[in-house]
file coords02.csv (CSV, C-alpha atoms)
chain,number,residue,atom,x,y,z
A,1,MET,CA,14.9,-16.7,-104.0
A,2,HIS,CA,18.1,-16.8,-102.0
A,3,ILE,CA,21.4,-18.7,-102.0
A,4,GLY,CA,22.3,-21.4,-99.5
A,5,GLU,CA,24.5,-24.4,-99.1
A,6,GLN,CA,24.0,-28.2,-98.8
A,7,LEU,CA,26.4,-29.5,-96.2
A,8,ILE,CA,27.4,-32.8,-94.6
A,9,ASN,CA,28.2,-32.8,-90.9
A,10,PRO,CA,29.0,-29.1,-90.9
A,11,THR,CA,31.4,-27.8,-88.3
A,12,GLU,CA,31.1,-24.4,-86.5
A,13,ALA,CA,33.9,-23.1,-88.8
A,14,ARG,CA,32.2,-24.3,-91.9
A,15,LEU,CA,28.9,-22.6,-90.9
A,16,HIS,CA,30.8,-19.4,-90.1
A,17,LEU,CA,32.1,-19.6,-93.7
A,18,SER,CA,28.7,-20.2,-95.2
A,19,ALA,CA,27.4,-17.1,-93.4
A,20,GLN,CA,30.3,-15.0,-94.5
A,21,LEU,CA,29.7,-16.1,-98.1
A,22,GLY,CA,26.1,-14.7,-97.8
A,23,ALA,CA,24.2,-18.0,-97.5
A,24,GLN,CA,20.8,-17.5,-96.0
A,25,GLY,CA,19.7,-21.1,-95.9
A,26,ILE,CA,21.3,-24.5,-95.1
A,27,VAL,CA,20.4,-28.0,-96.2
A,28,ILE,CA,21.7,-30.7,-94.0
A,29,ASP,CA,22.6,-33.6,-96.4
A,30,THR,CA,24.0,-35.9,-93.7
A,31,ARG,CA,22.8,-39.5,-94.0
A,32,PRO,CA,22.7,-41.0,-91.4
A,33,ASN,CA,22.3,-37.8,-89.4
A,34,ASN,CA,23.7,-39.1,-86.1
A,35,ALA,CA,23.4,-35.7,-84.5
A,36,VAL,CA,19.6,-36.0,-84.4
A,37,MET,CA,19.3,-39.7,-83.7
A,38,ASN,CA,18.6,-41.6,-80.5
A,39,ASP,CA,20.3,-44.9,-79.7
A,40,ASP,CA,17.5,-46.7,-81.6
A,41,GLY,CA,18.5,-44.9,-84.8
A,42,LEU,CA,15.3,-42.8,-84.9
A,43,TRP,CA,15.2,-39.0,-85.2
A,44,ASP,CA,14.6,-37.1,-82.0
A,45,SER,CA,12.5,-34.0,-82.4
A,46,GLY,CA,14.3,-32.2,-79.5
A,47,LYS,CA,17.7,-32.9,-81.2
A,48,ILE,CA,16.4,-31.7,-84.5
A,49,ALA,CA,15.2,-28.4,-82.8
A,50,GLU,CA,18.7,-28.1,-81.2
A,51,GLN,CA,20.4,-28.5,-84.6
A,52,ARG,CA,18.0,-26.0,-86.1
A,53,ARG,CA,18.7,-23.4,-83.4
A,54,TRP,CA,22.4,-24.0,-83.7
A,55,ILE,CA,22.3,-23.1,-87.4
A,56,GLU,CA,20.0,-20.1,-86.7
A,57,GLY,CA,22.7,-18.9,-84.3
A,58,PHE,CA,24.9,-18.2,-87.4
A,59,GLY,CA,22.1,-16.1,-88.9
A,60,MET,CA,20.9,-18.7,-91.3
A,61,LYS,CA,17.9,-21.0,-91.5
A,62,LEU,CA,17.9,-24.8,-91.5
A,63,GLU,CA,15.5,-25.2,-94.5
A,64,VAL,CA,15.8,-28.9,-95.5
A,65,MET,CA,17.1,-32.1,-94.0
A,66,ALA,CA,17.9,-35.2,-96.0
A,67,ILE,CA,16.0,-38.3,-94.9
A,68,ASP,CA,17.5,-41.7,-95.5
A,69,VAL,CA,15.1,-43.9,-97.4
A,70,GLY,CA,17.7,-46.7,-97.4
A,71,SER,CA,17.0,-49.6,-99.7
A,72,ILE,CA,13.2,-49.3,-99.4
A,73,LEU,CA,12.7,-49.2,-103.1
A,74,LEU,CA,14.6,-52.4,-103.8
A,75,ASP,CA,13.2,-54.0,-100.6
A,76,SER,CA,9.6,-53.3,-101.6
A,77,LEU,CA,10.2,-55.6,-104.6
A,78,ARG,CA,12.3,-58.3,-102.9
A,79,ALA,CA,12.2,-58.0,-99.1
A,80,PRO,CA,8.8,-56.6,-98.1
A,81,GLU,CA,9.3,-57.0,-94.4
A,82,LEU,CA,12.4,-54.9,-94.5
A,83,ALA,CA,10.6,-52.3,-96.6
A,84,ALA,CA,7.8,-52.2,-94.1
A,85,ALA,CA,10.2,-51.6,-91.2
A,86,ARG,CA,12.0,-48.8,-93.1
A,87,ALA,CA,8.6,-47.2,-93.9
A,88,GLU,CA,7.7,-47.1,-90.2
A,89,GLU,CA,11.1,-45.4,-89.4
A,90,LEU,CA,10.5,-42.9,-92.2
A,91,ARG,CA,7.0,-42.0,-90.8
A,92,HIS,CA,8.5,-41.5,-87.4
A,93,ASN,CA,11.3,-39.3,-88.7
A,94,ILE,CA,9.0,-37.1,-90.8
A,95,GLN,CA,6.8,-36.5,-87.7
A,96,ALA,CA,10.0,-35.7,-85.7
A,97,ALA,CA,11.2,-33.3,-88.3
A,98,ALA,CA,7.8,-31.4,-88.1
A,99,LEU,CA,8.0,-31.3,-84.3
A,100,GLY,CA,11.5,-30.0,-84.5
A,101,GLY,CA,10.5,-27.1,-86.7
A,102,ILE,CA,11.5,-28.5,-90.1
A,103,ASP,CA,9.0,-28.3,-92.9
A,104,THR,CA,10.9,-30.0,-95.8
A,105,VAL,CA,12.8,-33.2,-96.1
A,106,LYS,CA,14.5,-34.5,-99.2
A,107,PHE,CA,15.6,-37.8,-100.7
A,108,ASN,CA,16.9,-39.4,-103.9
A,109,LEU,CA,14.9,-41.9,-105.9
A,110,GLN,CA,18.0,-43.9,-106.7
A,111,MET,CA,17.9,-47.7,-106.4
A,112,VAL,CA,21.4,-47.9,-107.7
A,113,GLY,CA,24.3,-45.5,-107.5
A,114,ILE,CA,24.5,-42.2,-109.3
A,115,THR,CA,26.0,-43.8,-112.3
A,116,ARG,CA,29.2,-42.4,-113.8
A,117,THR,CA,31.8,-43.9,-116.2
A,118,ALA,CA,34.9,-41.7,-115.9
A,119,MET,CA,36.6,-38.6,-114.5
A,120,VAL,CA,37.5,-36.2,-117.3
A,121,GLU,CA,39.7,-33.1,-117.3
A,122,GLY,CA,38.0,-29.7,-117.2
A,123,ARG,CA,39.0,-26.1,-117.0
A,124,GLY,CA,42.5,-25.6,-115.8
A,125,GLY,CA,43.0,-29.3,-115.2
A,126,VAL,CA,40.1,-29.9,-112.7
A,127,LYS,CA,38.5,-33.3,-112.6
A,128,CYS,CA,34.9,-33.6,-113.5
A,129,SER,CA,32.6,-36.6,-113.0
A,130,ALA,CA,31.2,-37.9,-116.3
A,131,PHE,CA,28.8,-40.3,-117.8
A,132,LYS,CA,28.9,-41.8,-121.3
A,133,ALA,CA,26.5,-44.6,-121.9
A,134,ALA,CA,28.5,-46.0,-124.8
A,135,ASP,CA,31.5,-46.4,-122.4
A,136,TYR,CA,29.5,-48.1,-119.6
A,137,ARG,CA,31.2,-51.1,-117.9
A,138,PRO,CA,30.4,-52.5,-114.5
A,139,GLU,CA,34.1,-51.9,-113.6
A,140,ALA,CA,33.8,-48.2,-114.4
A,141,ASP,CA,30.5,-48.0,-112.6
A,142,LYS,CA,32.2,-49.3,-109.4
A,143,GLU,CA,35.1,-46.9,-109.8
A,144,PHE,CA,33.4,-43.7,-110.8
A,145,SER,CA,29.8,-43.8,-109.6
A,146,TYR,CA,28.7,-42.6,-106.2
A,147,TRP,CA,26.0,-43.5,-103.7
A,148,GLY,CA,23.9,-41.9,-101.1
A,149,VAL,CA,25.9,-38.9,-99.9
A,150,GLY,CA,29.1,-40.2,-101.4
A,151,HIS,CA,30.2,-37.1,-103.2
A,152,ILE,CA,33.1,-37.7,-105.6
A,153,GLY,CA,36.3,-36.8,-103.7
A,154,GLY,CA,35.0,-37.8,-100.3
A,155,GLY,CA,37.4,-38.7,-97.6
A,156,LYS,CA,40.1,-36.1,-98.6
A,157,GLU,CA,41.2,-33.9,-95.8
A,158,GLY,CA,39.0,-30.8,-95.6
A,159,SER,CA,36.2,-32.4,-97.5
A,160,ASP,CA,32.7,-32.4,-96.1
A,161,ALA,CA,31.9,-35.6,-97.9
A,162,PRO,CA,32.7,-39.0,-96.4
A,163,ALA,CA,34.5,-41.7,-98.2
A,164,ILE,CA,31.9,-44.1,-99.3
A,165,ASP,CA,31.8,-47.8,-100.0
A,166,LEU,CA,28.8,-49.9,-100.7
A,167,GLU,CA,28.9,-51.6,-97.3
A,168,LYS,CA,28.5,-48.4,-95.3
A,169,PRO,CA,25.3,-46.7,-94.1
A,170,GLU,CA,26.1,-43.6,-96.1
A,171,ALA,CA,25.5,-45.6,-99.3
A,172,CYS,CA,21.8,-45.3,-98.3
A,173,GLY,CA,20.9,-48.8,-99.6
A,174,GLN,CA,22.1,-48.1,-103.1
A,175,VAL,CA,24.0,-50.8,-105.1
A,176,LEU,CA,25.8,-51.2,-108.4
A,177,ALA,CA,23.5,-51.5,-111.4
A,178,SER,CA,25.1,-54.8,-112.2
A,179,GLU,CA,24.2,-56.2,-108.8
A,180,ALA,CA,20.6,-54.9,-108.6
A,181,GLY,CA,19.2,-58.0,-110.4
A,182,GLY,CA,17.3,-56.0,-113.0
A,183,ILE,CA,14.4,-53.6,-112.5
A,184,SER,CA,11.7,-53.3,-115.2
A,185,ARG,CA,9.7,-50.1,-115.7
A,186,GLU,CA,6.7,-51.7,-114.1
A,187,GLN,CA,8.8,-52.7,-111.0
A,188,GLY,CA,10.3,-49.2,-110.9
A,189,TRP,CA,6.9,-47.6,-110.7
A,190,SER,CA,5.6,-50.2,-108.3
A,191,ALA,CA,8.5,-49.4,-105.9
A,192,ILE,CA,8.1,-45.7,-106.2
A,193,GLN,CA,4.3,-45.9,-105.6
A,194,TYR,CA,4.9,-48.1,-102.6
A,195,LEU,CA,7.2,-45.5,-101.0
A,196,ILE,CA,4.9,-42.6,-101.7
A,197,GLU,CA,1.9,-44.4,-100.4
A,198,GLN,CA,3.8,-45.3,-97.2
A,199,ILE,CA,5.0,-41.8,-96.3
A,200,LEU,CA,2.9,-39.1,-98.1
A,201,PRO,CA,-0.1,-39.3,-95.7
A,202,THR,CA,2.2,-38.8,-92.7
A,203,ALA,CA,3.9,-35.9,-94.4
A,204,GLU,CA,0.6,-34.3,-95.3
A,205,ARG,CA,-0.7,-34.6,-91.7
A,206,ALA,CA,2.5,-33.2,-90.4
A,207,GLY,CA,2.8,-30.3,-92.9
A,208,VAL,CA,6.1,-31.6,-94.2
A,209,ARG,CA,7.1,-31.3,-97.9
A,210,LEU,CA,8.9,-34.2,-99.6
A,211,ALA,CA,11.5,-32.8,-102.0
A,212,ILE,CA,12.3,-35.7,-104.3
A,213,HIS,CA,15.5,-35.8,-106.4
A,214,PRO,CA,14.9,-37.4,-109.9
A,215,GLN,CA,17.0,-40.4,-110.9
A,216,ASP,CA,20.5,-39.5,-111.9
A,217,PRO,CA,21.4,-40.0,-114.8
A,218,ALA,CA,18.8,-40.7,-117.4
A,219,TYR,CA,19.4,-44.3,-118.6
A,220,PRO,CA,19.1,-45.5,-122.2
A,221,PRO,CA,15.7,-46.7,-123.3
A,222,GLU,CA,16.8,-50.3,-122.8
A,223,GLY,CA,18.2,-49.5,-119.3
A,224,LEU,CA,21.6,-50.5,-117.9
A,225,ASN,CA,22.1,-54.1,-116.7
A,226,GLY,CA,18.3,-54.4,-116.9
A,227,VAL,CA,17.8,-51.5,-114.6
A,228,HIS,CA,15.4,-48.7,-115.8
A,229,HIS,CA,15.3,-45.1,-114.5
A,230,VAL,CA,11.6,-44.3,-114.8
A,231,VAL,CA,12.0,-40.8,-113.3
A,232,GLY,CA,14.7,-40.0,-115.8
A,233,SER,CA,12.5,-37.8,-118.0
A,234,LEU,CA,10.1,-34.9,-117.7
A,235,ASP,CA,7.3,-37.4,-118.4
A,236,GLY,CA,8.5,-39.5,-115.6
A,237,MET,CA,8.7,-36.5,-113.3
A,238,HIS,CA,5.1,-35.6,-114.1
A,239,ARG,CA,4.0,-39.1,-113.5
A,240,LEU,CA,5.7,-39.1,-110.1
A,241,LEU,CA,3.8,-35.9,-109.1
A,242,ASP,CA,0.6,-37.3,-110.6
A,243,LEU,CA,0.7,-40.0,-107.9
A,244,ALA,CA,-0.8,-37.3,-105.7
A,245,PRO,CA,-1.7,-34.4,-108.1
A,246,GLU,CA,-3.4,-32.2,-105.4
A,247,SER,CA,-0.9,-32.8,-102.6
A,248,PRO,CA,1.0,-29.8,-101.3
A,249,SER,CA,3.6,-32.2,-99.8
A,250,LEU,CA,4.8,-34.0,-102.9
A,251,GLY,CA,7.4,-32.0,-104.9
A,252,LEU,CA,10.9,-31.8,-106.2
A,253,ASN,CA,14.4,-31.3,-105.2
A,254,PHE,CA,14.8,-29.7,-108.7
A,255,CYS,CA,18.3,-30.5,-109.9
A,256,GLN,CA,19.1,-28.6,-113.0
A,257,GLY,CA,22.1,-30.8,-113.9
A,258,THR,CA,20.1,-34.0,-113.6
A,259,ILE,CA,17.2,-32.6,-115.6
A,260,GLY,CA,19.6,-31.3,-118.3
A,261,GLU,CA,21.1,-34.8,-118.5
A,262,MET,CA,17.7,-36.1,-119.6
A,263,SER,CA,17.8,-34.4,-123.0
A,264,PRO,CA,19.8,-33.8,-126.2
A,265,ASP,CA,18.8,-30.2,-125.7
A,266,PRO,CA,19.5,-29.6,-122.0
A,267,ASN,CA,18.8,-25.8,-121.9
A,268,ALA,CA,15.4,-26.0,-123.5
A,269,THR,CA,14.4,-29.0,-121.4
A,270,VAL,CA,15.5,-27.3,-118.1
A,271,LEU,CA,13.6,-24.1,-119.0
A,272,GLN,CA,10.6,-26.2,-119.9
A,273,ALA,CA,10.8,-28.1,-116.6
A,274,ILE,CA,11.0,-24.9,-114.6
A,275,ARG,CA,7.9,-23.5,-116.3
A,276,GLU,CA,5.9,-26.7,-116.0
A,277,PHE,CA,6.8,-27.8,-112.4
A,278,GLY,CA,7.1,-24.2,-111.2
A,279,ALA,CA,3.5,-23.5,-112.4
A,280,ARG,CA,2.4,-26.6,-110.4
A,281,LYS,CA,4.2,-25.1,-107.3
A,282,ARG,CA,6.1,-28.4,-107.0
A,283,ILE,CA,9.7,-27.0,-106.9
A,284,PHE,CA,10.7,-27.2,-103.2
A,285,MET,CA,14.4,-26.6,-103.5
A,286,VAL,CA,16.9,-26.2,-106.4
A,287,HIS,CA,20.3,-27.6,-107.1
A,288,PHE,CA,21.6,-24.7,-109.2
A,289,ARG,CA,24.3,-26.4,-111.3
A,290,ASN,CA,25.4,-26.9,-114.8
A,291,ILE,CA,26.7,-29.6,-117.2
A,292,LYS,CA,28.5,-29.9,-120.5
A,293,GLY,CA,27.0,-32.3,-123.0
A,294,GLY,CA,23.6,-33.9,-122.7
A,295,TYR,CA,21.6,-37.1,-122.8
A,296,LEU,CA,23.8,-40.2,-122.3
A,297,ASP,CA,27.1,-38.2,-122.7
A,298,PHE,CA,27.9,-35.4,-120.3
A,299,ARG,CA,30.2,-34.2,-117.6
A,300,GLU,CA,29.7,-32.0,-114.6
A,301,ALA,CA,30.9,-28.4,-114.8
A,302,PHE,CA,31.3,-25.1,-113.1
A,303,PRO,CA,28.1,-23.1,-113.2
A,304,ASP,CA,29.5,-20.5,-115.7
A,305,GLU,CA,30.8,-22.9,-118.3
A,306,GLY,CA,28.1,-25.4,-119.1
A,307,VAL,CA,25.3,-25.6,-121.7
A,308,LEU,CA,22.6,-24.3,-119.4
A,309,ASP,CA,21.8,-20.5,-119.6
A,310,MET,CA,21.9,-19.9,-115.9
A,311,ALA,CA,20.6,-16.3,-116.2
A,312,ALA,CA,17.6,-17.6,-118.2
A,313,CYS,CA,17.0,-20.2,-115.6
A,314,LEU,CA,16.9,-17.6,-112.8
A,315,ARG,CA,14.4,-15.5,-114.8
A,316,ALA,CA,12.3,-18.6,-115.3
A,317,TYR,CA,12.2,-19.3,-111.5
A,318,ARG,CA,11.4,-15.6,-110.9
A,319,ASP,CA,8.6,-15.7,-113.5
A,320,VAL,CA,6.9,-18.8,-111.9
A,321,GLY,CA,7.1,-17.3,-108.4
A,322,TYR,CA,9.7,-19.6,-106.9
A,323,ASN,CA,11.0,-18.1,-103.7
A,324,GLY,CA,13.1,-20.9,-102.2
A,325,ILE,CA,16.7,-21.9,-101.9
A,326,LEU,CA,19.3,-22.2,-104.6
A,327,CYS,CA,22.2,-24.5,-103.7
A,328,PRO,CA,25.4,-25.2,-105.7
A,329,ASP,CA,26.0,-28.9,-106.2
A,330,HIS,CA,28.5,-31.3,-108.0
A,331,VAL,CA,31.3,-28.8,-108.4
A,332,PRO,CA,34.5,-30.3,-109.9
A,333,LEU,CA,37.5,-31.6,-108.0
A,334,SER,CA,41.0,-30.2,-107.6
A,335,ASP,CA,44.1,-31.0,-105.6
A,336,TYR,CA,44.3,-27.2,-105.0
A,337,ASP,CA,40.9,-27.2,-103.3
A,338,VAL,CA,40.5,-30.6,-101.7
A,339,GLY,CA,37.5,-29.6,-99.6
A,340,ARG,CA,36.0,-27.7,-102.6
A,341,GLU,CA,35.3,-24.8,-100.3
A,342,ARG,CA,36.7,-22.3,-102.9
A,343,PHE,CA,34.8,-23.9,-105.7
A,344,PHE,CA,31.5,-23.8,-103.8
A,345,ALA,CA,32.3,-20.2,-102.8
A,346,PHE,CA,32.8,-19.4,-106.5
A,347,ALA,CA,29.4,-21.1,-107.3
A,348,LEU,CA,27.6,-19.1,-104.6
A,349,GLY,CA,29.2,-15.8,-105.7
A,350,TYR,CA,28.3,-16.5,-109.3
A,351,THR,CA,24.7,-17.2,-108.4
A,352,ARG,CA,24.4,-14.1,-106.2
A,353,GLY,CA,25.8,-12.0,-109.0
A,354,LEU,CA,23.3,-13.4,-111.5
A,355,MET,CA,20.5,-12.7,-109.0
A,356,GLN,CA,21.5,-9.1,-108.6
A,357,ALA,CA,21.9,-8.7,-112.3
A,358,ILE,CA,18.4,-9.8,-113.2
call {"tool": "encode", "arguments": {"input": "coords02.csv", "output": "structure tokens"}}
result
Amino acid sequence: MHIGEQLINPTEARLHLSAQLGAQGIVIDTRPNNAVMNDDGLWDSGKIAEQRRWIEGFGMKLEVMAIDVGSILLDSLRAPELAAARAEELRHNIQAAALGGIDTVKFNLQMVGITRTAMVEGRGGVKCSAFKAADYRPEADKEFSYWGVGHIGGGKEGSDAPAIDLEKPEACGQVLASEAGGISREQGWSAIQYLIEQILPTAERAGVRLAIHPQDPAYPPEGLNGVHHVVGSLDGMHRLLDLAPESPSLGLNFCQGTIGEMSPDPNATVLQAIREFGARKRIFMVHFRNIKGGYLDFREAFPDEGVLDMAACLRAYRDVGYNGILCPDHVPLSDYDVGRERFFAFALGYTRGLMQAI
């Protein structure tokens, strides 16, 4: 295992900082990634190779690139011609990634935004993104949720995250739950199966791994606004992987926070998930983060203050033979660290210290 960072449109200065902090790997989370696109919007393998060599020049490896699935999940249910066009783009981009020297791409299974209901105060007055199902209102969803690569706090000077609204490409086709028109469990699985069937054969032929981020957060059993998150439980994650149980290309962007949010006992559930999915060799990258609270009522947190036993998680990764990247994610916000560089540096250092201790 090794530490790394997940960055959006990194500058030379930001990559120097990552290297100085001890990061060994980089995940490019930029969507759309204009630096590797041709005028037609498709990825260019030569530009991908150039971006990879640029990062290697800082002594780090470009390990994963985010691929923009857009609104293909919703479109597969309501606009099949748009879904087919996006699928063709995705197949091209997966092949381009392989030709450019990248063996892993990641994406979220969100049809709607990463639902949140408030910002709450945390340690020392930091602001933490929170979700409480009992407090859900469409107005709060619009104000506090985020979409695509729209990290909370985006747009502030020094931040690597763009300011997102639902009309911009960075929203990656996601919409408010109240505007999705309702998605049953059957429709949710139909859309996911469509996506996997459209792109997995290409990924397998190209030798590219698909690191899939589960739906964030887990929704109540009755859903929200008629929308169900079918990959919001360990059973749902297993069912996702069982769409191609023998495929070496179908796996997880294993987000500890998101998986902890699925359970009233987050620590036990995350450790169970590491053992189960690690034994299946389906953990392709890790978001090494923590939360406070649990199912239907949680907030994001610094890695050292949440309910997850982070040292126990590292031991579990070690025991199942995971040897990939650990990325901090979803750190809180502060006016004293508007770009969150110090908070991410703290998370990296905390992770590195734990690794050395165990």
call {"tool": "closest_atom_pairs", "arguments": {"input": "coords02.csv", "of": "region 214-298 of chain A", "to": "region 308-322 of chain A", "cutoff": "7 Å", "atoms": "only C-alpha atoms", "output": "Markdown table"}}
result
| residue | atom | partner | partner_atom | distance |
| --- | --- | --- | --- | --- |
| A:Pro266 | CA | A:Leu308 | CA | 6.7 |
| A:Asn267 | CA | A:Leu308 | CA | 4.8 |
| A:Leu271 | CA | A:Cys313 | CA | 6.2 |
| A:Ile274 | CA | A:Ala316 | CA | 6.5 |
| A:Arg275 | CA | A:Val320 | CA | 6.5 |
| A:Gly278 | CA | A:Val320 | CA | 5.4 |
| A:Ala279 | CA | A:Val320 | CA | 5.8 |
| A:Asn290 | CA | A:Leu308 | CA | 6.0 |
call {"tool": "closest_residue", "arguments": {"input": "coords02.csv", "among": "A:Glu89, A:Gly124, A:Pro138, A:Tyr219", "to": "Asp40 (chain A)", "atoms": "all atoms listed in the file"}}
result
A:Glu89
call {"tool": "closest_residue", "arguments": {"input": "coords02.csv", "among": "A:Leu62, A:Ala171, A:Ala13, A:Ala23", "to": "Arg352 (chain A)", "atoms": "only C-alpha atoms"}}
result
A:Ala23
call {"tool": "residues_around", "arguments": {"input": "coords02.csv", "residues": "Asp216 (chain A)", "least_positions_apart": "5", "cutoff": "10 Å", "atoms": "only C-alpha atoms", "output": "MDAnalysis selection string"}}
result
chainID A and resid 108:110 112:116 229 231:232 255 257:259 261:262
call {"tool": "write_last_selection", "arguments": {"input": "coords02.csv", "atoms": "C-alpha atoms", "output": "PDB file, in the frame of the given file"}}
result
ATOM      1  CA  ASN A 108      16.900 -39.400-103.900  1.00  0.00           C
ATOM      2  CA  LEU A 109      14.900 -41.900-105.900  1.00  0.00           C
ATOM      3  CA  GLN A 110      18.000 -43.900-106.700  1.00  0.00           C
ATOM      4  CA  VAL A 112      21.400 -47.900-107.700  1.00  0.00           C
ATOM      5  CA  GLY A 113      24.300 -45.500-107.500  1.00  0.00           C
ATOM      6  CA  ILE A 114      24.500 -42.200-109.300  1.00  0.00           C
ATOM      7  CA  THR A 115      26.000 -43.800-112.300  1.00  0.00           C
ATOM      8  CA  ARG A 116      29.200 -42.400-113.800  1.00  0.00           C
ATOM      9  CA  HIS A 229      15.300 -45.100-114.500  1.00  0.00           C
ATOM     10  CA  VAL A 231      12.000 -40.800-113.300  1.00  0.00           C
ATOM     11  CA  GLY A 232      14.700 -40.000-115.800  1.00  0.00           C
ATOM     12  CA  CYS A 255      18.300 -30.500-109.900  1.00  0.00           C
ATOM     13  CA  GLY A 257      22.100 -30.800-113.900  1.00  0.00           C
ATOM     14  CA  THR A 258      20.100 -34.000-113.600  1.00  0.00           C
ATOM     15  CA  ILE A 259      17.200 -32.600-115.600  1.00  0.00           C
ATOM     16  CA  GLU A 261      21.100 -34.800-118.500  1.00  0.00           C
ATOM     17  CA  MET A 262      17.700 -36.100-119.600  1.00  0.00           C
TER      18      MET A 262
END
call {"tool": "atom_distance", "arguments": {"input": "coords02.csv", "atom1": "CA of Gly41 (chain A)", "atom2": "CA of Asn93 (chain A)"}}
result
9.9 Å
call {"tool": "closest_residue", "arguments": {"input": "coords02.csv", "among": "A:Val126, A:Ala118, A:Pro332, A:Met285", "to": "Phe144 (chain A)", "atoms": "all atoms listed in the file"}}
result
A:Ala118
call {"tool": "closest_residue", "arguments": {"input": "coords02.csv", "among": "A:Asp265, A:Glu300, A:Asp68, A:Glu246", "to": "Lys281 (chain A)", "atoms": "all atoms listed in the file"}}
result
A:Glu246
call {"tool": "closest_residue", "arguments": {"input": "coords02.csv", "among": "A:Ala97, A:Ala191, A:Ile196, A:Cys327", "to": "Met37 (chain A)", "atoms": "only C-alpha atoms"}}
result
A:Ala97
call {"tool": "residues_near_point", "arguments": {"input": "coords02.csv", "point": "(5.6, -27.9, -97.0)", "cutoff": "12 Å", "atoms": "all atoms listed in the file", "output": "ChimeraX atom specification"}}
result
/A:63-64,94,97-98,101-106,200,203-211,247-252,281-285,324
call {"tool": "residues_around", "arguments": {"input": "coords02.csv", "residues": "Ala83 (chain A)", "least_positions_apart": "2", "cutoff": "12 Å", "atoms": "only C-alpha atoms", "output": "list in words"}}
result
Val69, Gly70, Ser71, Ile72, Leu73, Leu74, Asp75, Ser76, Leu77, Arg78, Ala79, Pro80, Glu81, Ala85, Arg86, Ala87, Glu88, Glu89, Leu90, Gly173, Ala191, Ile192, Tyr194, Leu195, Gln198 and Ile199 of chain A
call {"tool": "residues_around", "arguments": {"input": "coords02.csv", "residues": "Ala35 (chain A)", "least_positions_apart": "3", "cutoff": "12 Å", "atoms": "all atoms listed in the file", "output": "PyMOL selection string"}}
result
chain A and resi 8-11+28+30-32+38-39+41-52+54+65
call {"tool": "write_last_selection", "arguments": {"input": "coords02.csv", "atoms": "C-alpha atoms", "output": "PDB file, keeping the file's coordinate frame"}}
result
ATOM      1  CA  ILE A   8      27.400 -32.800 -94.600  1.00  0.00           C
ATOM      2  CA  ASN A   9      28.200 -32.800 -90.900  1.00  0.00           C
ATOM      3  CA  PRO A  10      29.000 -29.100 -90.900  1.00  0.00           C
ATOM      4  CA  THR A  11      31.400 -27.800 -88.300  1.00  0.00           C
ATOM      5  CA  ILE A  28      21.700 -30.700 -94.000  1.00  0.00           C
ATOM      6  CA  THR A  30      24.000 -35.900 -93.700  1.00  0.00           C
ATOM      7  CA  ARG A  31      22.800 -39.500 -94.000  1.00  0.00           C
ATOM      8  CA  PRO A  32      22.700 -41.000 -91.400  1.00  0.00           C
ATOM      9  CA  ASN A  38      18.600 -41.600 -80.500  1.00  0.00           C
ATOM     10  CA  ASP A  39      20.300 -44.900 -79.700  1.00  0.00           C
ATOM     11  CA  GLY A  41      18.500 -44.900 -84.800  1.00  0.00           C
ATOM     12  CA  LEU A  42      15.300 -42.800 -84.900  1.00  0.00           C
ATOM     13  CA  TRP A  43      15.200 -39.000 -85.200  1.00  0.00           C
ATOM     14  CA  ASP A  44      14.600 -37.100 -82.000  1.00  0.00           C
ATOM     15  CA  SER A  45      12.500 -34.000 -82.400  1.00  0.00           C
ATOM     16  CA  GLY A  46      14.300 -32.200 -79.500  1.00  0.00           C
ATOM     17  CA  LYS A  47      17.700 -32.900 -81.200  1.00  0.00           C
ATOM     18  CA  ILE A  48      16.400 -31.700 -84.500  1.00  0.00           C
ATOM     19  CA  ALA A  49      15.200 -28.400 -82.800  1.00  0.00           C
ATOM     20  CA  GLU A  50      18.700 -28.100 -81.200  1.00  0.00           C
ATOM     21  CA  GLN A  51      20.400 -28.500 -84.600  1.00  0.00           C
ATOM     22  CA  ARG A  52      18.000 -26.000 -86.100  1.00  0.00           C
ATOM     23  CA  TRP A  54      22.400 -24.000 -83.700  1.00  0.00           C
ATOM     24  CA  MET A  65      17.100 -32.100 -94.000  1.00  0.00           C
TER      25      MET A  65
END
call {"tool": "closest_residue", "arguments": {"input": "coords02.csv", "among": "A:Ala268, A:Val230, A:Leu240, A:Leu176", "to": "Ile212 (chain A)", "atoms": "all atoms listed in the file"}}
result
A:Leu240
call {"tool": "atom_distance", "arguments": {"input": "coords02.csv", "atom1": "CA of Pro328 (chain A)", "atom2": "CA of Pro220 (chain A)"}}
result
26.9 Å
call {"tool": "atom_distance", "arguments": {"input": "coords02.csv", "atom1": "CA of Gly353 (chain A)", "atom2": "CA of Val270 (chain A)"}}
result
20.6 Å
call {"tool": "residues_around", "arguments": {"input": "coords02.csv", "residues": "Cys128 (chain A)", "least_positions_apart": "3", "cutoff": "8 Å", "atoms": "all atoms listed in the file", "output": "ChimeraX atom specification"}}
result
/A:119-122,299-301,331-333
call {"tool": "residues_around", "arguments": {"input": "coords02.csv", "residues": "Gly182 (chain A)", "least_positions_apart": "4", "cutoff": "8 Å", "atoms": "only C-alpha atoms", "output": "JSON, numbers by chain"}}
result
{"A": [177, 178, 225, 226, 227]}
call {"tool": "axis_aligned_box", "arguments": {"input": "coords02.csv", "around": "region 309-314 of chain A", "padding_each_side": "8 Å", "output": "AutoDock Vina command-line options"}}
result
--center_x 19.4 --center_y -18.4 --center_z -116.2 --size_x 21.0 --size_y 20.2 --size_z 22.8
